[in-house]
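*Asks:* mmCIF, C-alpha atoms, file start.cif:
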data_my_file
#
loop_
_atom_site.label_atom_id
_atom_site.label_comp_id
_atom_site.auth_asym_id
_atom_site.auth_seq_id
_atom_site.Cartn_x
_atom_site.Cartn_y
_atom_site.Cartn_z
CA MET A 1458 -192.67 -325.41 -25.31
CA LEU A 1459 -189.43 -323.41 -25.48
CA ALA A 1460 -188.29 -324.72 -22.07
CA LYS A 1461 -188.87 -328.31 -23.24
CA ASN A 1462 -186.97 -327.53 -26.45
CA ASP A 1463 -184.05 -326.05 -24.52
CA LEU A 1464 -183.81 -329.10 -22.26
CA LEU A 1465 -183.61 -331.48 -25.22
CA ALA A 1466 -181.18 -329.12 -27.01
CA GLN A 1467 -178.88 -329.30 -23.99
CA GLU A 1468 -178.94 -333.13 -24.16
CA ILE A 1469 -178.09 -332.94 -27.86
CA ARG A 1470 -175.24 -330.51 -27.12
CA GLU A 1471 -173.74 -332.98 -24.62
CA TRP A 1472 -174.24 -335.91 -27.03
CA LEU A 1473 -172.42 -333.98 -29.77
CA ALA A 1474 -169.61 -332.90 -27.42
CA ALA A 1475 -169.05 -336.49 -26.26
CA ARG A 1476 -168.45 -337.44 -29.92
CA ASP A 1477 -166.37 -334.35 -30.75
CA ILE A 1478 -168.92 -333.33 -33.38
CA LEU A 1479 -168.91 -329.60 -34.16
CA ALA A 1480 -172.41 -328.45 -35.16
CA PHE A 1481 -173.48 -325.15 -36.74
CA ASN A 1482 -177.05 -323.97 -37.25
CA LEU A 1483 -177.26 -321.91 -40.45
CA THR A 1484 -180.17 -319.48 -40.65
CA SER A 1485 -181.16 -316.85 -43.21
CA SER A 1486 -183.93 -315.43 -45.33
CA PRO A 1487 -185.08 -317.72 -48.14
CA GLY A 1488 -182.60 -317.63 -51.00
CA ALA A 1489 -179.65 -316.02 -49.19
CA GLY A 1490 -177.36 -318.77 -50.48
CA LYS A 1491 -176.96 -321.22 -47.58
CA THR A 1492 -177.06 -324.30 -49.81
CA THR A 1493 -174.58 -322.86 -52.32
CA LEU A 1494 -172.24 -321.95 -49.45
CA LEU A 1495 -172.54 -325.48 -48.04
CA GLU A 1496 -171.85 -327.06 -51.45
CA ARG A 1497 -168.59 -325.10 -51.71
CA THR A 1498 -167.68 -325.72 -48.06
CA ILE A 1499 -168.13 -329.48 -48.45
CA ARG A 1500 -166.05 -329.52 -51.65
CA GLU A 1501 -163.23 -327.50 -50.06
CA LEU A 1502 -163.22 -328.86 -46.47
CA GLY A 1503 -164.68 -332.33 -46.88
CA SER A 1504 -161.37 -334.07 -47.52
CA ALA A 1505 -159.91 -332.80 -44.21
CA ARG A 1506 -162.81 -333.80 -41.96
CA PRO A 1507 -166.05 -335.77 -42.47
CA ILE A 1508 -169.08 -333.51 -42.95
CA SER A 1509 -172.79 -334.25 -42.49
CA VAL A 1510 -175.76 -332.02 -43.22
CA ILE A 1511 -179.32 -331.74 -41.92
CA GLU A 1512 -181.55 -329.87 -44.38
CA GLY A 1513 -184.69 -328.09 -43.17
CA ASP A 1514 -187.42 -326.93 -45.55
CA GLN A 1515 -191.19 -326.71 -45.46
CA GLU A 1516 -191.37 -329.01 -48.48
CA THR A 1517 -189.22 -330.72 -51.16
CA LEU A 1518 -186.00 -332.72 -51.15
CA LEU A 1519 -184.32 -330.20 -53.47
CA ASP A 1520 -181.60 -329.03 -51.09
CA ALA A 1521 -180.83 -332.53 -49.82
CA GLU A 1522 -180.37 -333.66 -53.42
CA ARG A 1523 -177.92 -330.80 -54.05
CA ILE A 1524 -175.96 -331.72 -50.93
CA LYS A 1525 -176.06 -335.46 -51.72
CA ALA A 1526 -174.53 -334.67 -55.13
CA THR A 1527 -171.40 -333.45 -53.30
CA GLY A 1528 -171.01 -336.97 -51.83
CA CYS A 1529 -171.92 -335.83 -48.32
CA SER A 1530 -174.27 -337.56 -45.82
CA VAL A 1531 -177.52 -335.65 -45.59
CA VAL A 1532 -180.97 -335.92 -44.05
CA GLN A 1533 -183.88 -333.76 -45.21
CA VAL A 1534 -186.43 -332.63 -42.61
CA ASN A 1535 -189.71 -331.25 -43.99
CA THR A 1536 -191.56 -329.05 -41.52
CA GLY A 1537 -194.85 -328.79 -43.49
CA ALA A 1538 -196.56 -325.63 -42.27
CA GLY A 1539 -193.81 -325.21 -39.65
CA CYS A 1540 -191.47 -322.22 -39.76
CA HIS A 1541 -188.33 -323.57 -38.05
CA LEU A 1542 -186.48 -326.69 -36.95
CA ASP A 1543 -186.75 -327.65 -33.28
CA ALA A 1544 -184.63 -329.85 -31.02
CA GLU A 1545 -186.94 -332.87 -31.44
CA MET A 1546 -186.54 -332.70 -35.25
CA MET A 1547 -182.78 -332.37 -34.71
CA ARG A 1548 -182.75 -335.45 -32.45
CA ARG A 1549 -184.65 -337.57 -34.97
CA ALA A 1550 -182.43 -336.38 -37.82
CA LEU A 1551 -179.31 -337.29 -35.80
CA ASP A 1552 -180.74 -340.78 -35.18
CA THR A 1553 -180.98 -341.27 -38.95
CA LEU A 1554 -177.77 -339.48 -39.88
CA ASP A 1555 -175.55 -341.03 -37.19
CA PRO A 1556 -172.63 -338.61 -37.85
CA PRO A 1557 -169.15 -340.00 -37.16
CA SER A 1558 -167.01 -338.86 -34.23
CA GLY A 1559 -164.80 -335.89 -35.02
CA SER A 1560 -167.04 -334.70 -37.84
CA LEU A 1561 -168.51 -331.35 -38.82
CA LEU A 1562 -172.30 -331.07 -38.85
CA PHE A 1563 -174.12 -328.26 -40.67
CA VAL A 1564 -177.82 -327.71 -40.06
CA GLU A 1565 -179.50 -325.66 -42.77
CA ASN A 1566 -182.59 -324.24 -41.10
CA VAL A 1567 -185.85 -323.24 -42.81
CA GLY A 1568 -185.31 -319.92 -44.61
CA ASN A 1569 -186.73 -317.49 -42.06
CA LEU A 1570 -185.03 -314.59 -40.27
CA VAL A 1571 -187.50 -314.66 -37.38
CA CYS A 1572 -188.62 -317.92 -35.76
CA PRO A 1573 -185.41 -320.03 -35.86
CA ALA A 1574 -183.80 -317.45 -33.55
CA LEU A 1575 -185.85 -318.80 -30.64
CA PHE A 1576 -185.06 -322.51 -31.05
CA ASP A 1577 -181.82 -323.95 -29.72
CA LEU A 1578 -180.91 -327.16 -31.59
CA GLY A 1579 -177.89 -327.97 -29.42
CA GLU A 1580 -175.53 -326.41 -31.96
CA ARG A 1581 -172.17 -324.87 -31.11
CA SER A 1582 -173.18 -321.64 -32.78
CA LYS A 1583 -175.83 -320.08 -34.97
CA VAL A 1584 -174.51 -318.65 -38.23
CA VAL A 1585 -176.71 -316.04 -39.94
CA VAL A 1586 -176.30 -315.70 -43.69
CA ILE A 1587 -177.52 -312.41 -45.19
CA SER A 1588 -177.26 -311.53 -48.87
CA VAL A 1589 -176.21 -308.09 -50.14
CA THR A 1590 -179.43 -308.02 -52.19
CA GLU A 1591 -181.50 -307.83 -48.97
CA GLY A 1592 -180.41 -304.33 -47.86
CA SER A 1593 -178.13 -303.05 -45.10
CA ASP A 1594 -180.93 -302.49 -42.55
CA LYS A 1595 -181.83 -306.14 -41.92
CA PRO A 1596 -179.92 -306.52 -38.58
CA LEU A 1597 -182.01 -303.65 -37.17
CA LYS A 1598 -185.30 -305.01 -38.49
CA TYR A 1599 -184.68 -308.64 -37.41
CA PRO A 1600 -182.55 -308.08 -34.29
CA HIS A 1601 -183.37 -311.34 -32.47
CA MET A 1602 -181.72 -313.48 -35.12
CA PHE A 1603 -178.63 -311.31 -35.32
CA ALA A 1604 -178.38 -311.16 -31.51
CA ALA A 1605 -178.47 -314.99 -31.36
CA ALA A 1606 -175.66 -315.48 -33.90
CA GLY A 1607 -171.99 -316.23 -33.34
CA LEU A 1608 -171.15 -315.31 -36.92
CA VAL A 1609 -172.76 -313.19 -39.62
CA ILE A 1610 -171.89 -314.16 -43.19
CA ILE A 1611 -172.65 -311.42 -45.74
CA ASN A 1612 -173.08 -313.41 -48.95
CA LYS A 1613 -173.29 -312.58 -52.67
CA THR A 1614 -170.55 -309.93 -52.59
CA ASP A 1615 -170.21 -310.63 -56.35
CA LEU A 1616 -173.50 -308.67 -56.74
CA LEU A 1617 -172.25 -305.57 -54.84
CA PRO A 1618 -171.68 -303.56 -58.06
CA TYR A 1619 -175.35 -303.97 -59.02
CA VAL A 1620 -177.20 -303.28 -55.75
CA ASP A 1621 -177.51 -300.48 -53.22
CA PHE A 1622 -175.86 -302.13 -50.20
CA ASP A 1623 -173.55 -300.54 -47.62
CA LEU A 1624 -171.27 -303.25 -46.18
CA GLU A 1625 -169.95 -300.92 -43.48
CA ALA A 1626 -173.43 -299.84 -42.37
CA CYS A 1627 -174.69 -303.44 -42.31
CA SER A 1628 -171.73 -304.49 -40.14
CA ARG A 1629 -172.33 -301.53 -37.81
CA HIS A 1630 -176.03 -302.47 -37.51
CA ALA A 1631 -175.17 -306.11 -36.76
CA ARG A 1632 -172.74 -305.01 -34.02
CA SER A 1633 -175.33 -302.64 -32.56
CA VAL A 1634 -177.52 -305.66 -31.66
CA ASN A 1635 -174.61 -308.08 -31.03
CA PRO A 1636 -171.38 -306.23 -30.14
CA ASP A 1637 -169.11 -309.32 -30.20
CA VAL A 1638 -170.39 -310.93 -33.38
CA GLN A 1639 -167.89 -311.73 -36.09
CA ILE A 1640 -168.73 -310.69 -39.65
CA VAL A 1641 -167.40 -312.34 -42.80
CA PRO A 1642 -168.29 -311.07 -46.30
CA VAL A 1643 -168.17 -313.86 -48.92
CA SER A 1644 -169.32 -314.84 -52.35
CA ALA A 1645 -170.34 -318.49 -52.27
CA VAL A 1646 -170.49 -318.37 -56.08
CA SER A 1647 -167.02 -316.92 -56.78
CA GLY A 1648 -165.31 -318.13 -53.59
CA GLU A 1649 -164.24 -314.64 -52.54
CA GLY A 1650 -163.80 -314.45 -48.75
CA VAL A 1651 -164.71 -318.06 -47.98
CA ILE A 1652 -161.25 -318.65 -46.49
CA ASP A 1653 -162.34 -316.39 -43.59
CA TRP A 1654 -165.39 -318.63 -43.05
CA TYR A 1655 -163.12 -321.70 -42.93
CA THR A 1656 -160.76 -319.92 -40.52
CA TRP A 1657 -163.70 -319.13 -38.24
CA ILE A 1658 -164.81 -322.79 -38.29
CA ASP A 1659 -161.27 -323.89 -37.38
CA ALA A 1660 -161.21 -321.45 -34.47
CA GLN A 1661 -164.33 -323.11 -33.02
CA MET B 425 -205.94 -318.75 -32.00
CA LEU B 426 -206.31 -318.98 -35.78
CA ALA B 427 -210.11 -319.30 -35.54
CA LYS B 428 -210.25 -316.16 -33.37
CA ASN B 429 -207.98 -314.38 -35.87
CA ASP B 430 -210.19 -315.42 -38.80
CA LEU B 431 -213.31 -314.15 -37.06
CA LEU B 432 -211.80 -310.72 -36.48
CA ALA B 433 -210.36 -310.69 -40.02
CA GLN B 434 -213.87 -311.25 -41.38
CA GLU B 435 -215.15 -308.26 -39.38
CA ILE B 436 -212.30 -306.15 -40.78
CA ARG B 437 -213.11 -307.34 -44.32
CA GLU B 438 -216.72 -306.17 -43.89
CA TRP B 439 -215.61 -302.86 -42.35
CA LEU B 440 -213.28 -302.24 -45.32
CA ALA B 441 -215.94 -303.24 -47.87
CA ALA B 442 -218.48 -300.87 -46.31
CA ARG B 443 -216.01 -298.03 -46.88
CA ASP B 444 -214.95 -299.19 -50.37
CA ILE B 445 -211.35 -299.56 -49.16
CA LEU B 446 -209.30 -302.02 -51.21
CA ALA B 447 -206.66 -303.69 -49.02
CA PHE B 448 -203.67 -305.82 -50.07
CA ASN B 449 -201.41 -307.82 -47.74
CA LEU B 450 -197.85 -307.81 -49.15
CA THR B 451 -195.65 -310.67 -47.98
CA SER B 452 -192.12 -311.73 -48.92
CA SER B 453 -188.72 -312.78 -47.65
CA PRO B 454 -186.77 -310.00 -45.94
CA GLY B 455 -185.31 -307.66 -48.52
CA ALA B 456 -187.36 -308.72 -51.54
CA GLY B 457 -188.20 -305.08 -52.25
CA LYS B 458 -191.72 -304.56 -50.88
CA THR B 459 -190.97 -301.06 -49.55
CA THR B 460 -189.27 -299.93 -52.77
CA LEU B 461 -192.26 -301.23 -54.76
CA LEU B 462 -194.65 -299.36 -52.47
CA GLU B 463 -192.64 -296.12 -52.77
CA ARG B 464 -192.95 -296.28 -56.56
CA THR B 465 -196.62 -297.34 -56.43
CA ILE B 466 -197.54 -294.41 -54.17
CA ARG B 467 -195.66 -291.95 -56.41
CA GLU B 468 -197.34 -293.27 -59.57
CA LEU B 469 -200.87 -294.08 -58.33
CA GLY B 470 -201.29 -291.74 -55.35
CA SER B 471 -202.68 -288.84 -57.35
CA ALA B 472 -205.53 -290.98 -58.72
CA ARG B 473 -206.70 -292.45 -55.41
CA PRO B 474 -205.74 -291.89 -51.73
CA ILE B 475 -203.31 -294.53 -50.44
CA SER B 476 -202.54 -295.57 -46.85
CA VAL B 477 -199.93 -298.03 -45.63
CA ILE B 478 -199.53 -300.28 -42.57
CA GLU B 479 -195.88 -301.27 -42.04
CA GLY B 480 -195.01 -304.45 -40.12
CA ASP B 481 -191.52 -305.13 -38.79
CA GLN B 482 -190.06 -306.77 -35.71
CA GLU B 483 -188.32 -303.49 -34.85
CA THR B 484 -187.53 -299.99 -36.19
CA LEU B 485 -189.55 -297.24 -37.89
CA LEU B 486 -187.30 -297.35 -40.97
CA ASP B 487 -189.91 -298.47 -43.48
CA ALA B 488 -192.61 -296.15 -42.12
CA GLU B 489 -190.18 -293.24 -42.49
CA ARG B 490 -189.52 -294.20 -46.13
CA ILE B 491 -193.26 -294.35 -46.82
CA LYS B 492 -193.95 -291.11 -44.93
CA ALA B 493 -191.39 -289.38 -47.17
CA THR B 494 -193.69 -290.08 -50.14
CA GLY B 495 -196.38 -288.00 -48.42
CA CYS B 496 -198.57 -291.02 -47.68
CA SER B 497 -200.41 -291.85 -44.42
CA VAL B 498 -198.61 -294.67 -42.63
CA VAL B 499 -198.67 -296.57 -39.33
CA GLN B 500 -195.75 -298.73 -38.20
CA VAL B 501 -196.52 -301.89 -36.22
CA ASN B 502 -193.59 -303.47 -34.39
CA THR B 503 -194.10 -307.14 -33.58
CA GLY B 504 -191.08 -307.55 -31.26
CA ALA B 505 -190.25 -311.27 -31.26
CA GLY B 506 -193.35 -311.91 -33.40
CA CYS B 507 -193.06 -313.27 -36.91
CA HIS B 508 -196.21 -311.94 -38.59
CA LEU B 509 -199.04 -309.42 -38.37
CA ASP B 510 -202.37 -310.67 -37.06
CA ALA B 511 -205.92 -309.34 -37.36
CA GLU B 512 -205.82 -307.68 -33.92
CA MET B 513 -202.70 -305.69 -34.94
CA MET B 514 -204.48 -304.80 -38.20
CA ARG B 515 -207.57 -303.60 -36.28
CA ARG B 516 -205.50 -301.38 -33.96
CA ALA B 517 -203.52 -299.99 -36.92
CA LEU B 518 -206.78 -299.17 -38.75
CA ASP B 519 -208.05 -297.33 -35.64
CA THR B 520 -204.97 -295.10 -35.77
CA LEU B 521 -204.76 -294.78 -39.56
CA ASP B 522 -208.48 -294.16 -40.20
CA PRO B 523 -208.14 -294.58 -44.00
CA PRO B 524 -210.62 -292.56 -46.11
CA SER B 525 -213.48 -294.16 -48.04
CA GLY B 526 -212.55 -295.22 -51.56
CA SER B 527 -208.85 -295.49 -50.73
CA LEU B 528 -206.19 -298.11 -51.39
CA LEU B 529 -204.58 -299.74 -48.33
CA PHE B 530 -201.30 -301.63 -48.54
CA VAL B 531 -200.16 -303.76 -45.61
CA GLU B 532 -196.44 -304.57 -45.68
CA ASN B 533 -196.13 -307.69 -43.56
CA VAL B 534 -193.04 -308.80 -41.60
CA GLY B 535 -190.48 -310.23 -44.05
CA ASN B 536 -191.18 -313.95 -43.72
CA LEU B 537 -192.26 -316.47 -46.38
CA VAL B 538 -193.74 -318.83 -43.78
CA CYS B 539 -195.90 -317.57 -40.92
CA PRO B 540 -197.85 -314.69 -42.53
CA ALA B 541 -199.45 -317.28 -44.87
CA LEU B 542 -201.60 -318.50 -41.98
CA PHE B 543 -202.97 -315.16 -40.79
CA ASP B 544 -205.88 -313.51 -42.58
CA LEU B 545 -205.87 -309.74 -41.98
CA GLY B 546 -209.17 -309.09 -43.76
CA GLU B 547 -207.36 -308.08 -46.95
CA ARG B 548 -208.82 -308.47 -50.44
CA SER B 549 -205.80 -310.45 -51.52
CA LYS B 550 -202.33 -311.52 -50.43
CA VAL B 551 -199.56 -310.43 -52.79
CA VAL B 552 -196.29 -312.39 -52.56
CA VAL B 553 -193.17 -310.55 -53.67
CA ILE B 554 -190.19 -312.76 -54.56
CA SER B 555 -186.87 -311.44 -55.82
CA VAL B 556 -184.92 -313.02 -58.69
CA THR B 557 -181.91 -313.24 -56.33
CA GLU B 558 -183.75 -315.83 -54.20
CA GLY B 559 -183.78 -318.68 -56.72
CA SER B 560 -186.51 -320.23 -58.88
CA ASP B 561 -187.36 -323.04 -56.43
CA LYS B 562 -188.93 -320.89 -53.69
CA PRO B 563 -192.60 -321.60 -54.57
CA LEU B 564 -191.92 -325.32 -54.08
CA LYS B 565 -190.04 -324.83 -50.82
CA TYR B 566 -192.54 -322.38 -49.29
CA PRO B 567 -195.79 -323.63 -50.89
CA HIS B 568 -198.21 -322.38 -48.22
CA MET B 569 -197.44 -318.73 -48.92
CA PHE B 570 -197.66 -319.13 -52.69
CA ALA B 571 -200.91 -321.12 -52.36
CA ALA B 572 -202.43 -318.29 -50.29
CA ALA B 573 -201.56 -315.54 -52.78
CA GLY B 574 -203.76 -313.88 -55.40
CA LEU B 575 -200.72 -312.42 -57.13
CA VAL B 576 -197.02 -313.25 -57.30
CA ILE B 577 -194.72 -310.33 -58.09
CA ILE B 578 -191.26 -311.41 -59.27
CA ASN B 579 -189.13 -308.38 -58.40
CA LYS B 580 -185.60 -307.16 -59.20
CA THR B 581 -185.75 -308.21 -62.87
CA ASP B 582 -182.98 -305.60 -63.39
CA LEU B 583 -180.64 -308.15 -61.71
CA LEU B 584 -181.53 -311.05 -64.06
CA PRO B 585 -178.28 -310.72 -66.08
CA TYR B 586 -176.21 -311.29 -62.91
CA VAL B 587 -178.00 -314.20 -61.22
CA ASP B 588 -178.95 -317.78 -62.00
CA PHE B 589 -182.75 -317.44 -62.07
CA ASP B 590 -185.22 -319.13 -64.44
CA LEU B 591 -188.34 -316.94 -64.71
CA GLU B 592 -190.25 -319.62 -66.63
CA ALA B 593 -189.41 -322.33 -64.07
CA CYS B 594 -190.33 -320.08 -61.14
CA SER B 595 -193.70 -319.27 -62.75
CA ARG B 596 -194.33 -322.97 -63.41
CA HIS B 597 -193.49 -323.83 -59.78
CA ALA B 598 -195.82 -321.08 -58.50
CA ARG B 599 -198.66 -322.41 -60.70
CA SER B 600 -197.99 -325.97 -59.50
CA VAL B 601 -199.03 -324.95 -55.96
CA ASN B 602 -201.60 -322.33 -57.06
CA PRO B 603 -202.92 -322.99 -60.60
CA ASP B 604 -204.90 -319.73 -60.92
CA VAL B 605 -202.32 -317.34 -59.48
CA GLN B 606 -201.33 -314.35 -61.60
CA ILE B 607 -197.63 -313.64 -61.99
CA VAL B 608 -196.11 -310.25 -62.75
CA PRO B 609 -192.33 -309.73 -63.20
CA VAL B 610 -191.25 -306.19 -62.28
CA SER B 611 -188.26 -304.09 -61.34
CA ALA B 612 -189.32 -301.71 -58.57
CA VAL B 613 -186.00 -299.90 -59.12
CA SER B 614 -186.22 -299.35 -62.91
CA GLY B 615 -190.02 -299.43 -63.21
CA GLU B 616 -190.01 -302.25 -65.75
CA GLY B 617 -193.28 -304.19 -65.62
CA VAL B 618 -194.95 -302.15 -62.86
CA ILE B 619 -197.76 -301.17 -65.24
CA ASP B 620 -198.92 -304.82 -65.04
CA TRP B 621 -199.05 -304.52 -61.23
CA TYR B 622 -201.19 -301.38 -61.53
CA THR B 623 -203.44 -303.11 -64.06
CA TRP B 624 -203.91 -306.00 -61.63
CA ILE B 625 -204.84 -303.57 -58.83
CA ASP B 626 -207.40 -301.87 -61.10
CA ALA B 627 -208.94 -305.24 -61.96
CA GLN B 628 -209.58 -305.90 -58.26
#
Once you've parsed the file, please lay out its structure as structure tokens.

*Replies:*
Amino acid sequence: MLAKNDLLAQEIREWLAARDILAFNLTSSPGAGKTTLLERTIRELGSARPISVIEGDQETLLDAERIKATGCSVVQVNTGAGCHLDAEMMRRALDTLDPPSGSLLFVENVGNLVCPALFDLGERSKVVVISVTEGSDKPLKYPHMFAAAGLVIINKTDLLPYVDFDLEACSRHARSVNPDVQIVPVSAVSGEGVIDWYTWIDAQ
Amino acid sequence: MLAKNDLLAQEIREWLAARDILAFNLTSSPGAGKTTLLERTIRELGSARPISVIEGDQETLLDAERIKATGCSVVQVNTGAGCHLDAEMMRRALDTLDPPSGSLLFVENVGNLVCPALFDLGERSKVVVISVTEGSDKPLKYPHMFAAAGLVIINKTDLLPYVDFDLEACSRHARSVNPDVQIVPVSAVSGEGVIDWYTWIDAQ
């Protein structure tokens, strides 16, 4: 099943490259703030380059509706009992979305720090979003996801005064499972640090 | 696979009942505060009744070490790439733990709001812990887990002043997928509301 997924993901990767579409696969625990980060990113980057979004959730159109309200093209994929997006879902969503050449494509995966690590969607890079409310030890406890990521975004830094979270320790733990990973602390709510996220996107 | 799991889970349920052991399967997103809630619960209930804990994580002994520091019997199960505990893991953990008759047994599942919903471990009830930092819409987006639960604990109420979370809406959403579910808001850090959690345990 994984081999079949990887084969299709490779086709998708080539299809995206041929159209100069830069795709990122955003993964996280439920409620880490992926949608809020995307809303801000679309508002602040959308005038420079067209952006499309694929939203993954077990149920509801809630996130797609939030993204649509920003004026961005979006497709919602509901996985039902499923715990992750796979390459076949990605292919079907791309058929519907038909993103323009030269665009940015964000895939918001089902909120799950485990299973999406195994499934290549043909993206340029996986981006793991972790919130400071989740605790500094998460990279050690969910190493596969952090090992698969090109970037770790540590979100909700506006809540740092109210929680027991060690930014330095969390970064050290992330690097212990993925020595080359880049780490960007942000607050998607206040906007603190998001410029470093945009700089990382530009560098890709 | 699920049928085989359910068969073994039923055997475990009978084994636990014969020994008057009351078992709860705690599930949540990563970092929702299950371990902190268990630490407090063991401190505050452990003198009345023996308590044992089975800790599930992809990797590390971190949570088992936290539980062991409370003086409680604990076994850590590492699932590697796996995304949930299953009945066979539960059976092996029980062999090692050998919980005494008349005791309370808490199983802390892998942090994942999706996959553990499908796997019966022979527990009396699943308890879903959601944190107020995750957003009020989670019961709608992860309905299978909330439908499988006997109790929803809404944790981290100490952070309510700093986040956009609607306790009433979250409770309504949980009841829309599970009309009879009980809902208990708590702060495992401050202790607010935990008496309602203990009352629920007693009622089981």

*Asks:* Write out as CSV a residue-level contact list of chain A versus chain B with cut-off 6 Å: for each qualifying residue the closest pair of atoms and the distance in Å to one decimal, counting only C-alpha atoms, rows sorted by chain and residue number upward.

*Replies:*
residue,atom,partner,partner_atom,distance
A:Ser1486,CA,B:Ser453,CA,5.9
A:Gly1488,CA,B:Glu558,CA,3.8
A:Gln1515,CA,B:Lys565,CA,5.8
A:Glu1516,CA,B:Lys565,CA,5.0
A:Thr1517,CA,B:Lys565,CA,6.0
A:Cys1540,CA,B:Val538,CA,5.7
A:Asn1569,CA,B:Asn536,CA,5.9
A:Val1571,CA,B:Cys507,CA,5.8
A:Glu1591,CA,B:Gly455,CA,3.8
A:Gly1592,CA,B:Gly455,CA,6.0
A:Lys1598,CA,B:Glu483,CA,5.0
A:Tyr1599,CA,B:Gln482,CA,5.9

*Asks:* Using Å and a single decimal, report how far atom CA of Phe1563 of chain A sits from atom CA of Phe1481 of chain A.

*Replies:*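 According to the coordinates, atom CA of Phe1481 of chain A and atom CA of Phe1563 of chain A are separated by 5.1 Å.
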
*Asks:* Using Å and a single decimal, report how far atom CA of Leu545 of chain B sits from atom CA of Ile436 of chain B.

*Replies:*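 Computing it gives 7.5 Å between the two atoms.
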
*Asks:* What is the distance between atom CA of Thr1493 of chain A and atom CA of Ala571 of chain B, in Å to one decimal?

*Replies:* 26.4 Å

*Asks:* Using the chain letters and residue numbers of this document, give as a ChimeraX atom specification the residues selected by the PyMOL selection byres ((chain B and resi 495-497) around 12).

*Replies:* /B:462-467,469-471,473-479,488-494,498-500,517-518,520-524,527-531

*Asks:* Can you list, as a PyMOL selection string, every protein, DNA or RNA residue that comes within 9 Å of Asn1462 of chain A when you count only C-alpha atoms, leaving out same-chain residues fewer than 4 positions away?

*Replies:* chain A and resi 1458+1466-1467+1543-1545+1576-1578
